[in-house]
Structures are given as structure tokens and as C-alpha cells.
>>> print(open('start_11.cif').read())   # mmCIF, C-alpha atoms, pLDDT in the B column; chains and numbers go by the auth columns
data_my_file
loop_
_atom_site.group_PDB
_atom_site.id
_atom_site.type_symbol
_atom_site.label_atom_id
_atom_site.label_comp_id
_atom_site.label_asym_id
_atom_site.label_seq_id
_atom_site.Cartn_x
_atom_site.Cartn_y
_atom_site.Cartn_z
_atom_site.B_iso_or_equiv
_atom_site.auth_seq_id
_atom_site.auth_asym_id
ATOM 1 C CA MET A 1 14.862 -3.984 -15.726 61.00 1 A
ATOM 2 C CA SER A 2 12.083 -3.586 -13.119 85.00 2 A
ATOM 3 C CA LYS A 3 12.236 -0.890 -10.467 93.00 3 A
ATOM 4 C CA ALA A 4 9.793 0.492 -7.945 96.00 4 A
ATOM 5 C CA ALA A 5 9.599 3.518 -5.669 97.00 5 A
ATOM 6 C CA LEU A 6 8.090 3.338 -2.193 98.00 6 A
ATOM 7 C CA TRP A 7 6.817 6.486 -0.492 98.00 7 A
ATOM 8 C CA MET A 8 5.518 6.703 3.059 98.00 8 A
ATOM 9 C CA VAL A 9 3.904 9.519 5.059 98.00 9 A
ATOM 10 C CA ASP A 10 2.907 9.988 8.680 98.00 10 A
ATOM 11 C CA ALA A 11 -0.787 10.773 8.215 97.00 11 A
ATOM 12 C CA ASP A 12 -1.097 12.178 11.740 96.00 12 A
ATOM 13 C CA ALA A 13 1.420 14.884 10.816 96.00 13 A
ATOM 14 C CA VAL A 14 -0.765 16.233 7.987 97.00 14 A
ATOM 15 C CA ALA A 15 -2.542 19.427 9.095 96.00 15 A
ATOM 16 C CA ASP A 16 -6.338 19.468 9.078 95.00 16 A
ATOM 17 C CA ALA A 17 -6.292 22.518 6.804 96.00 17 A
ATOM 18 C CA ASP A 18 -4.194 20.601 4.271 96.00 18 A
ATOM 19 C CA LEU A 19 -6.603 17.654 4.416 95.00 19 A
ATOM 20 C CA LEU A 20 -9.487 19.973 3.542 94.00 20 A
ATOM 21 C CA ARG A 21 -7.478 21.437 0.668 96.00 21 A
ATOM 22 C CA PHE A 22 -6.478 17.999 -0.623 96.00 22 A
ATOM 23 C CA ARG A 23 -10.099 16.857 -0.632 95.00 23 A
ATOM 24 C CA ASP A 24 -10.541 19.057 -3.714 94.00 24 A
ATOM 25 C CA TRP A 25 -8.157 16.729 -5.553 96.00 25 A
ATOM 26 C CA LEU A 26 -10.574 13.790 -5.230 96.00 26 A
ATOM 27 C CA SER A 27 -12.767 12.667 -8.105 95.00 27 A
ATOM 28 C CA ALA A 28 -16.536 12.375 -7.639 95.00 28 A
ATOM 29 C CA GLY A 29 -16.209 8.626 -7.086 95.00 29 A
ATOM 30 C CA GLU A 30 -13.407 9.058 -4.572 96.00 30 A
ATOM 31 C CA LEU A 31 -15.350 11.743 -2.733 96.00 31 A
ATOM 32 C CA ALA A 32 -18.403 9.493 -2.552 95.00 32 A
ATOM 33 C CA ARG A 33 -16.313 6.718 -1.034 95.00 33 A
ATOM 34 C CA TYR A 34 -14.660 9.162 1.370 95.00 34 A
ATOM 35 C CA GLN A 35 -18.065 10.283 2.626 94.00 35 A
ATOM 36 C CA ARG A 36 -19.001 6.681 3.513 95.00 36 A
ATOM 37 C CA PHE A 37 -16.195 6.362 6.063 94.00 37 A
ATOM 38 C CA VAL A 38 -17.166 6.978 9.681 94.00 38 A
ATOM 39 C CA ARG A 39 -13.889 6.864 11.641 95.00 39 A
ATOM 40 C CA ALA A 40 -11.786 10.029 11.566 94.00 40 A
ATOM 41 C CA GLN A 41 -8.573 7.992 11.163 95.00 41 A
ATOM 42 C CA ARG A 42 -9.937 6.210 8.085 96.00 42 A
ATOM 43 C CA LEU A 43 -11.039 9.504 6.533 96.00 43 A
ATOM 44 C CA ARG A 44 -7.522 10.847 7.051 97.00 44 A
ATOM 45 C CA GLN A 45 -5.879 7.687 5.703 97.00 45 A
ATOM 46 C CA PHE A 46 -8.021 7.759 2.569 97.00 46 A
ATOM 47 C CA VAL A 47 -7.275 11.364 1.637 97.00 47 A
ATOM 48 C CA VAL A 48 -3.578 11.025 2.453 98.00 48 A
ATOM 49 C CA GLY A 49 -3.354 7.794 0.436 97.00 49 A
ATOM 50 C CA ARG A 50 -4.930 9.292 -2.677 97.00 50 A
ATOM 51 C CA VAL A 51 -2.787 12.430 -2.495 97.00 51 A
ATOM 52 C CA LEU A 52 0.355 10.374 -1.903 98.00 52 A
ATOM 53 C CA LEU A 53 -0.507 8.190 -4.908 98.00 53 A
ATOM 54 C CA ARG A 54 -0.989 11.252 -7.102 97.00 54 A
ATOM 55 C CA LYS A 55 2.319 12.730 -5.972 97.00 55 A
ATOM 56 C CA ALA A 56 4.176 9.461 -6.610 97.00 56 A
ATOM 57 C CA LEU A 57 2.557 9.019 -10.025 97.00 57 A
ATOM 58 C CA GLY A 58 3.214 12.669 -10.819 96.00 58 A
ATOM 59 C CA ARG A 59 6.923 12.143 -10.166 96.00 59 A
ATOM 60 C CA LEU A 60 6.926 8.931 -12.217 95.00 60 A
ATOM 61 C CA LEU A 61 5.013 10.402 -15.170 95.00 61 A
ATOM 62 C CA ASP A 62 6.431 13.940 -14.939 94.00 62 A
ATOM 63 C CA VAL A 63 3.031 15.628 -14.548 95.00 63 A
ATOM 64 C CA GLU A 64 1.424 17.807 -11.886 96.00 64 A
ATOM 65 C CA ALA A 65 0.055 15.645 -9.077 96.00 65 A
ATOM 66 C CA ALA A 66 -3.213 17.591 -8.801 93.00 66 A
ATOM 67 C CA ALA A 67 -3.899 16.995 -12.516 92.00 67 A
ATOM 68 C CA ILE A 68 -3.910 13.199 -12.168 96.00 68 A
ATOM 69 C CA GLN A 69 -7.418 11.752 -12.444 96.00 69 A
ATOM 70 C CA LEU A 70 -8.320 8.481 -10.743 96.00 70 A
ATOM 71 C CA GLU A 71 -11.537 6.508 -11.019 94.00 71 A
ATOM 72 C CA GLU A 72 -12.911 4.310 -8.253 92.00 72 A
ATOM 73 C CA GLN A 73 -13.323 0.583 -8.896 90.00 73 A
ATOM 74 C CA VAL A 74 -15.353 -1.565 -6.517 85.00 74 A
ATOM 75 C CA GLY A 75 -13.086 -3.931 -4.611 82.00 75 A
ATOM 76 C CA LYS A 76 -10.028 -2.920 -6.626 84.00 76 A
ATOM 77 C CA ALA A 77 -7.316 -0.290 -6.717 88.00 77 A
ATOM 78 C CA PRO A 78 -8.302 2.964 -8.433 93.00 78 A
ATOM 79 C CA LEU A 79 -7.904 3.253 -12.192 92.00 79 A
ATOM 80 C CA LEU A 80 -5.580 5.868 -13.677 95.00 80 A
ATOM 81 C CA VAL A 81 -7.761 7.811 -16.156 94.00 81 A
ATOM 82 C CA SER A 82 -5.537 10.785 -16.936 92.00 82 A
ATOM 83 C CA PRO A 83 -2.911 11.282 -18.168 92.00 83 A
ATOM 84 C CA VAL A 84 -3.181 8.592 -20.817 87.00 84 A
ATOM 85 C CA VAL A 85 0.003 6.547 -20.658 86.00 85 A
ATOM 86 C CA LYS A 86 1.400 5.023 -23.839 83.00 86 A
ATOM 87 C CA GLY A 87 3.302 1.763 -23.690 77.00 87 A
ATOM 88 C CA GLY A 88 1.598 0.255 -20.661 81.00 88 A
ATOM 89 C CA MET A 89 0.025 1.477 -17.456 87.00 89 A
ATOM 90 C CA PRO A 90 2.232 2.046 -14.417 95.00 90 A
ATOM 91 C CA GLY A 91 1.863 -0.337 -11.520 95.00 91 A
ATOM 92 C CA PHE A 92 0.844 1.100 -8.168 97.00 92 A
ATOM 93 C CA SER A 93 -0.567 0.109 -4.802 97.00 93 A
ATOM 94 C CA ILE A 94 -1.593 1.937 -1.601 97.00 94 A
ATOM 95 C CA ALA A 95 -1.536 0.611 1.970 98.00 95 A
ATOM 96 C CA HIS A 96 -2.149 2.019 5.439 97.00 96 A
ATOM 97 C CA SER A 97 -1.732 0.909 9.032 97.00 97 A
ATOM 98 C CA GLY A 98 -2.037 3.103 12.099 95.00 98 A
ATOM 99 C CA ARG A 99 -0.516 6.521 11.448 96.00 99 A
ATOM 100 C CA TRP A 100 1.379 5.351 8.361 98.00 100 A
ATOM 101 C CA VAL A 101 0.202 5.514 4.745 98.00 101 A
ATOM 102 C CA ALA A 102 2.372 4.090 1.964 98.00 102 A
ATOM 103 C CA CYS A 103 2.361 3.979 -1.816 98.00 103 A
ATOM 104 C CA ALA A 104 4.459 1.977 -4.270 98.00 104 A
ATOM 105 C CA VAL A 105 4.730 2.837 -7.978 97.00 105 A
ATOM 106 C CA SER A 106 6.564 1.312 -10.931 96.00 106 A
ATOM 107 C CA ALA A 107 6.785 2.049 -14.635 94.00 107 A
ATOM 108 C CA HIS A 108 7.784 -1.561 -15.271 91.00 108 A
ATOM 109 C CA THR A 109 5.553 -3.987 -13.343 93.00 109 A
ATOM 110 C CA ALA A 110 2.257 -4.415 -11.525 93.00 110 A
ATOM 111 C CA LEU A 111 2.542 -4.134 -7.741 96.00 111 A
ATOM 112 C CA GLY A 112 0.768 -5.092 -4.551 96.00 112 A
ATOM 113 C CA LEU A 113 1.855 -3.372 -1.330 97.00 113 A
ATOM 114 C CA ASP A 114 0.988 -4.086 2.281 98.00 114 A
ATOM 115 C CA ILE A 115 2.110 -2.515 5.539 98.00 115 A
ATOM 116 C CA GLU A 116 1.145 -3.729 9.013 97.00 116 A
ATOM 117 C CA MET A 117 1.915 -2.286 12.435 97.00 117 A
ATOM 118 C CA ARG A 118 3.683 -5.005 14.433 96.00 118 A
ATOM 119 C CA ASP A 119 1.852 -5.529 17.728 94.00 119 A
ATOM 120 C CA ALA A 120 3.036 -8.385 19.927 89.00 120 A
ATOM 121 C CA GLY A 121 0.089 -7.787 22.268 93.00 121 A
ATOM 122 C CA ARG A 122 -2.506 -9.045 19.802 95.00 122 A
ATOM 123 C CA ASP A 123 -3.764 -12.622 19.878 96.00 123 A
ATOM 124 C CA LEU A 124 -1.611 -13.735 16.964 96.00 124 A
ATOM 125 C CA ALA A 125 -2.661 -17.384 17.239 95.00 125 A
ATOM 126 C CA ALA A 126 -6.322 -16.420 16.773 96.00 126 A
ATOM 127 C CA LEU A 127 -5.472 -14.063 13.906 95.00 127 A
ATOM 128 C CA ALA A 128 -3.354 -16.743 12.250 96.00 128 A
ATOM 129 C CA ALA A 129 -6.228 -19.237 12.500 95.00 129 A
ATOM 130 C CA GLN A 130 -8.489 -16.745 10.704 94.00 130 A
ATOM 131 C CA THR A 131 -5.930 -15.632 8.131 92.00 131 A
ATOM 132 C CA PHE A 132 -3.635 -18.535 7.227 96.00 132 A
ATOM 133 C CA ASP A 133 -4.376 -21.770 5.408 95.00 133 A
ATOM 134 C CA ALA A 134 -3.044 -25.061 6.768 96.00 134 A
ATOM 135 C CA ARG A 135 0.295 -24.783 4.966 96.00 135 A
ATOM 136 C CA GLU A 136 0.831 -21.208 6.108 95.00 136 A
ATOM 137 C CA MET A 137 -0.164 -22.087 9.669 96.00 137 A
ATOM 138 C CA ALA A 138 2.363 -24.921 9.744 96.00 138 A
ATOM 139 C CA ARG A 139 5.041 -22.575 8.402 96.00 139 A
ATOM 140 C CA TRP A 140 4.280 -19.969 11.075 97.00 140 A
ATOM 141 C CA GLN A 141 4.072 -22.483 13.925 96.00 141 A
ATOM 142 C CA GLY A 142 7.405 -23.941 12.812 96.00 142 A
ATOM 143 C CA LEU A 143 9.208 -20.661 13.465 96.00 143 A
ATOM 144 C CA PRO A 144 11.272 -20.296 16.666 96.00 144 A
ATOM 145 C CA GLU A 145 9.342 -18.497 19.408 93.00 145 A
ATOM 146 C CA ALA A 146 11.597 -15.441 19.154 94.00 146 A
ATOM 147 C CA ARG A 147 10.661 -15.003 15.485 95.00 147 A
ATOM 148 C CA ARG A 148 6.923 -15.616 15.781 95.00 148 A
ATOM 149 C CA VAL A 149 5.802 -11.965 15.929 96.00 149 A
ATOM 150 C CA ASP A 150 7.930 -10.761 13.013 96.00 150 A
ATOM 151 C CA GLY A 151 7.151 -13.948 11.111 96.00 151 A
ATOM 152 C CA PHE A 152 3.410 -13.534 11.537 97.00 152 A
ATOM 153 C CA TYR A 153 3.383 -9.976 10.245 97.00 153 A
ATOM 154 C CA ARG A 154 5.729 -10.793 7.374 97.00 154 A
ATOM 155 C CA MET A 155 3.455 -13.649 6.276 96.00 155 A
ATOM 156 C CA TRP A 156 0.334 -11.527 6.717 96.00 156 A
ATOM 157 C CA SER A 157 1.860 -8.724 4.648 97.00 157 A
ATOM 158 C CA GLU A 158 2.918 -11.175 1.946 95.00 158 A
ATOM 159 C CA LYS A 159 -0.618 -12.546 1.765 94.00 159 A
ATOM 160 C CA GLU A 160 -2.201 -9.092 1.572 95.00 160 A
ATOM 161 C CA ALA A 161 0.318 -7.799 -0.982 96.00 161 A
ATOM 162 C CA ARG A 162 -0.283 -10.892 -3.135 94.00 162 A
ATOM 163 C CA PHE A 163 -4.057 -10.361 -2.955 93.00 163 A
ATOM 164 C CA LYS A 164 -3.649 -6.753 -4.092 93.00 164 A
ATOM 165 C CA LEU A 165 -1.436 -7.801 -6.995 93.00 165 A
ATOM 166 C CA GLY A 166 -4.259 -9.994 -8.243 85.00 166 A
ATOM 167 C CA GLU A 167 -4.955 -13.584 -9.117 71.00 167 A
ATOM 168 C CA GLY A 168 -2.976 -15.016 -11.998 65.00 168 A
ATOM 169 C CA ALA A 169 -0.158 -12.498 -11.678 65.00 169 A
ATOM 170 C CA GLY A 170 3.376 -13.380 -10.618 68.00 170 A
ATOM 171 C CA GLY A 171 4.455 -13.325 -7.026 82.00 171 A
ATOM 172 C CA HIS A 172 7.899 -11.916 -6.286 92.00 172 A
ATOM 173 C CA TYR A 173 8.135 -10.690 -2.691 94.00 173 A
ATOM 174 C CA VAL A 174 10.440 -8.010 -1.317 95.00 174 A
ATOM 175 C CA ALA A 175 10.360 -7.038 2.361 96.00 175 A
ATOM 176 C CA MET A 176 11.729 -3.678 3.505 95.00 176 A
ATOM 177 C CA PRO A 177 13.015 -3.041 7.039 94.00 177 A
ATOM 178 C CA HIS A 178 11.075 -0.589 9.224 96.00 178 A
ATOM 179 C CA ASP A 179 11.128 0.044 12.976 95.00 179 A
ATOM 180 C CA GLU A 180 7.342 -0.162 13.423 96.00 180 A
ATOM 181 C CA LEU A 181 5.963 -1.871 10.355 97.00 181 A
ATOM 182 C CA SER A 182 6.052 -5.014 8.323 97.00 182 A
ATOM 183 C CA VAL A 183 6.448 -3.739 4.732 98.00 183 A
ATOM 184 C CA VAL A 184 6.128 -6.086 1.743 97.00 184 A
ATOM 185 C CA ILE A 185 5.862 -5.452 -2.000 97.00 185 A
ATOM 186 C CA CYS A 186 4.675 -8.215 -4.304 96.00 186 A
ATOM 187 C CA SER A 187 5.515 -7.607 -7.959 95.00 187 A
ATOM 188 C CA GLU A 188 4.476 -9.323 -11.177 93.00 188 A
ATOM 189 C CA SER A 189 8.043 -9.142 -12.500 93.00 189 A
ATOM 190 C CA PRO A 190 11.024 -9.505 -10.167 93.00 190 A
ATOM 191 C CA LEU A 191 12.474 -6.188 -9.007 95.00 191 A
ATOM 192 C CA ASP A 192 16.155 -5.586 -9.678 93.00 192 A
ATOM 193 C CA GLU A 193 16.575 -4.241 -6.156 91.00 193 A
ATOM 194 C CA ALA A 194 14.471 -3.533 -3.096 91.00 194 A
ATOM 195 C CA PRO A 195 13.155 0.030 -3.167 94.00 195 A
ATOM 196 C CA ARG A 196 14.309 2.365 -0.444 93.00 196 A
ATOM 197 C CA ILE A 197 11.511 3.664 1.782 96.00 197 A
ATOM 198 C CA GLU A 198 11.259 7.412 1.209 96.00 198 A
ATOM 199 C CA VAL A 199 9.422 9.156 4.055 96.00 199 A
ATOM 200 C CA VAL A 200 7.811 12.272 2.625 96.00 200 A
ATOM 201 C CA SER A 201 5.541 15.078 3.815 93.00 201 A
ATOM 202 C CA LEU A 202 2.531 16.336 1.905 91.00 202 A
#
>>> encode(input="start_11.cif", output="C-alpha cells")
Amino acid sequence: MSKAALWMVDADAVADADLLRFRDWLSAGELARYQRFVRAQRLRQFVVGRVLLRKALGRLLDVEAAAIQLEEQVGKAPLLVSPVVKGGMPGFSIAHSGRWVACAVSAHTALGLDIEMRDAGRDLAALAAQTFDAREMARWQGLPEARRVDGFYRMWSEKEARFKLGEGAGGHYVAMPHDELSVVICSESPLDEAPRIEVVSL
């Protein structure tokens, strides 16, 4: 039986004072990466994402969120260092788009998560040409015009979630409905049911 939880937070709603307090939760490697960001929104997304991940893992592992230690990995998701988990590491993935930050966790399977703000005003044809291979482009262009925007973002999210899951892993996609976002989880093992999006505050 494979299950996953999906948490989401409005990063713009997190008070600046709380962001400063949460920065103390970051490891040295995380803090070094944080300090390399220039845009204020990206700084906010990073801190919120790492705190949200700790809170979700804390619930999953029944430990205090602030006690969870993560280690940065270049080009990869962070590594869970503490607590030491017996019987297999939990799967987790973080994603952000606009004001939203999301985190998926599972005790049963590796995960890749992607969220994308749907914006019909963008040049989707140009983005598709940069993002999709020939097969994917044909699939997208074959959609009815009325489904092109949603279809593009669903395919983009699938591609990003699959990349985060990692090469050689399985590829079981689940899309969750959201008013503003395309939300897709890719799991190594099939999930028994789609997780419900739980909007939380930090």
C-alpha cells in the first residue's frame, strides 16, 4: 500500500518575522544556498519550502520539525540526515510557483512533485518548443484548442515531476485539481489514491 501526503502554503502570507525565525532551522549548507539567491521571492520560497518539508516529515516520522536535519546536495533534493530512519528512507519532494510552495511526502515510495501557475498569456508554443520532445509536442498540438492551456501545464508538470523522481525510477502520475495551479506527483510505486491537497500555515 503506497500513500502520500501533499501540503501547500501561501508563501506570501508568511510574516517576515517568522521567515527570520525559520532561517535558524536551516543547516549550514542550506543557509549558504539561501544566501546565493538574489530575488526576494526566491529567498522566501526557499525558506518556506524547507520549513514546510520539515513540518511534513515531522508529522510523518513523529518528531519535532525543528529537529530534522537536512543536507544540501548539488542538483538534487536535500538528504535527510536526522533522524535516522530504519526500514527505508521516506520519499519527499518540494515545488514552488508564484506565491505557492508545496511539499509531498511518503513513507512508502519515492516522489517527484511539480506545481506550475497556469498562465494563458504566456507564449506556450515557444515554451513547448523549448521543453517538449517531438512526441510530446505532437501530443500537445493534437489537443483541442480549448484544452491547450491546461494540457500544456499538465504535460510540463509531468515532465518536471518525472525529472525530480530521477532516472531509472518508475513513473506513475497523479494530477490534483487546483484553481490556479497544475499539480502533479510522480511516484516510483503507484499510489493507492490521489492525496488531498492540504493547505497549511506555518
>>> residues_around(input="start_11.cif", residues="stretch 151-164 of chain A", least_positions_apart="6", cutoff="6 Å", atoms="all atoms listed in the file", output="ChimeraX atom specification")
/A:112-114,182,184,186
>>> axis_aligned_box(input="start_11.cif", around="stretch 36-55 of chain A", padding_each_side="6 Å", output="JSON")
{"center_x": -8.3, "center_y": 9.5, "center_z": 2.3, "size_x": 33.3, "size_y": 18.5, "size_z": 30.7}
>>> residues_around(input="start_11.cif", residues="stretch 63-70 of chain A", least_positions_apart="3", cutoff="9 Å", atoms="all atoms listed in the file", output="list of chain:residue names")
A:Phe22, A:Trp25, A:Leu26, A:Ser27, A:Gly29, A:Glu30, A:Arg50, A:Val51, A:Leu52, A:Leu53, A:Arg54, A:Lys55, A:Ala56, A:Leu57, A:Gly58, A:Arg59, A:Leu60, A:Pro78, A:Leu79, A:Leu80, A:Val81, A:Ser82, A:Pro83
>>> closest_residue(input="start_11.cif", among="A:Val199, A:Ala104, A:Ile115, A:Leu31", to="A:Glu180", atoms="all atoms listed in the file")
A:Ile115
>>> atom_distance(input="start_11.cif", atom1="atom CA of A:Asp192", atom2="atom CA of A:Val174")
10.4 Å
>>> resolve_selection(input="start_11.cif", expression="the PyMOL selection byres ((chain A and resi 1-9) around 7)", output="ChimeraX atom specification")
/A:10-11,100-106,108-109,189-193,195-201
>>> atom_distance(input="start_11.cif", atom1="atom CA of A:Gln41", atom2="atom CA of A:Phe92")
22.6 Å
>>> residues_around(input="start_11.cif", residues="A:Asp16", least_positions_apart="3", cutoff="12 Å", atoms="all atoms listed in the file", output="PyMOL selection string")
chain A and resi 11-13+19-23+40-41+43-44+47-48+202
>>> closest_residue(input="start_11.cif", among="A:Glu72, A:Asp133, A:Glu167, A:Glu116", to="A:Leu181", atoms="all atoms listed in the file")
A:Glu116
>>> atom_distance(input="start_11.cif", atom1="atom CA of A:Arg118", atom2="atom CA of A:Glu188")
26.0 Å
>>> residues_around(input="start_11.cif", residues="A:Ala125", least_positions_apart="2", cutoff="10 Å", atoms="all atoms listed in the file", output="list of chain:residue names")
A:Arg122, A:Asp123, A:Leu127, A:Ala128, A:Ala129, A:Gln130, A:Thr131, A:Met137, A:Trp140, A:Gln141, A:Arg148, A:Phe152
>>> decode(input="start_11.cif", residues="stretch 58-69 of chain A", atoms="C-alpha atoms", output="mmCIF file, in the first residue's frame")
data_model
loop_
_atom_site.group_PDB
_atom_site.id
_atom_site.type_symbol
_atom_site.label_atom_id
_atom_site.label_comp_id
_atom_site.auth_asym_id
_atom_site.auth_seq_id
_atom_site.Cartn_x
_atom_site.Cartn_y
_atom_site.Cartn_z
ATOM 1 C CA GLY A 58 7.951 15.687 11.304
ATOM 2 C CA ARG A 59 4.312 14.619 11.033
ATOM 3 C CA LEU A 60 5.272 11.518 9.035
ATOM 4 C CA LEU A 61 8.100 10.464 11.366
ATOM 5 C CA ASP A 62 6.520 11.698 14.616
ATOM 6 C CA VAL A 63 9.410 14.019 15.521
ATOM 7 C CA GLU A 64 9.744 17.753 16.126
ATOM 8 C CA ALA A 65 10.029 19.594 12.815
ATOM 9 C CA ALA A 66 12.828 21.888 14.017
ATOM 10 C CA ALA A 67 14.930 18.842 14.982
ATOM 11 C CA ILE A 68 15.003 17.448 11.436
ATOM 12 C CA GLN A 69 18.415 17.877 9.806
#
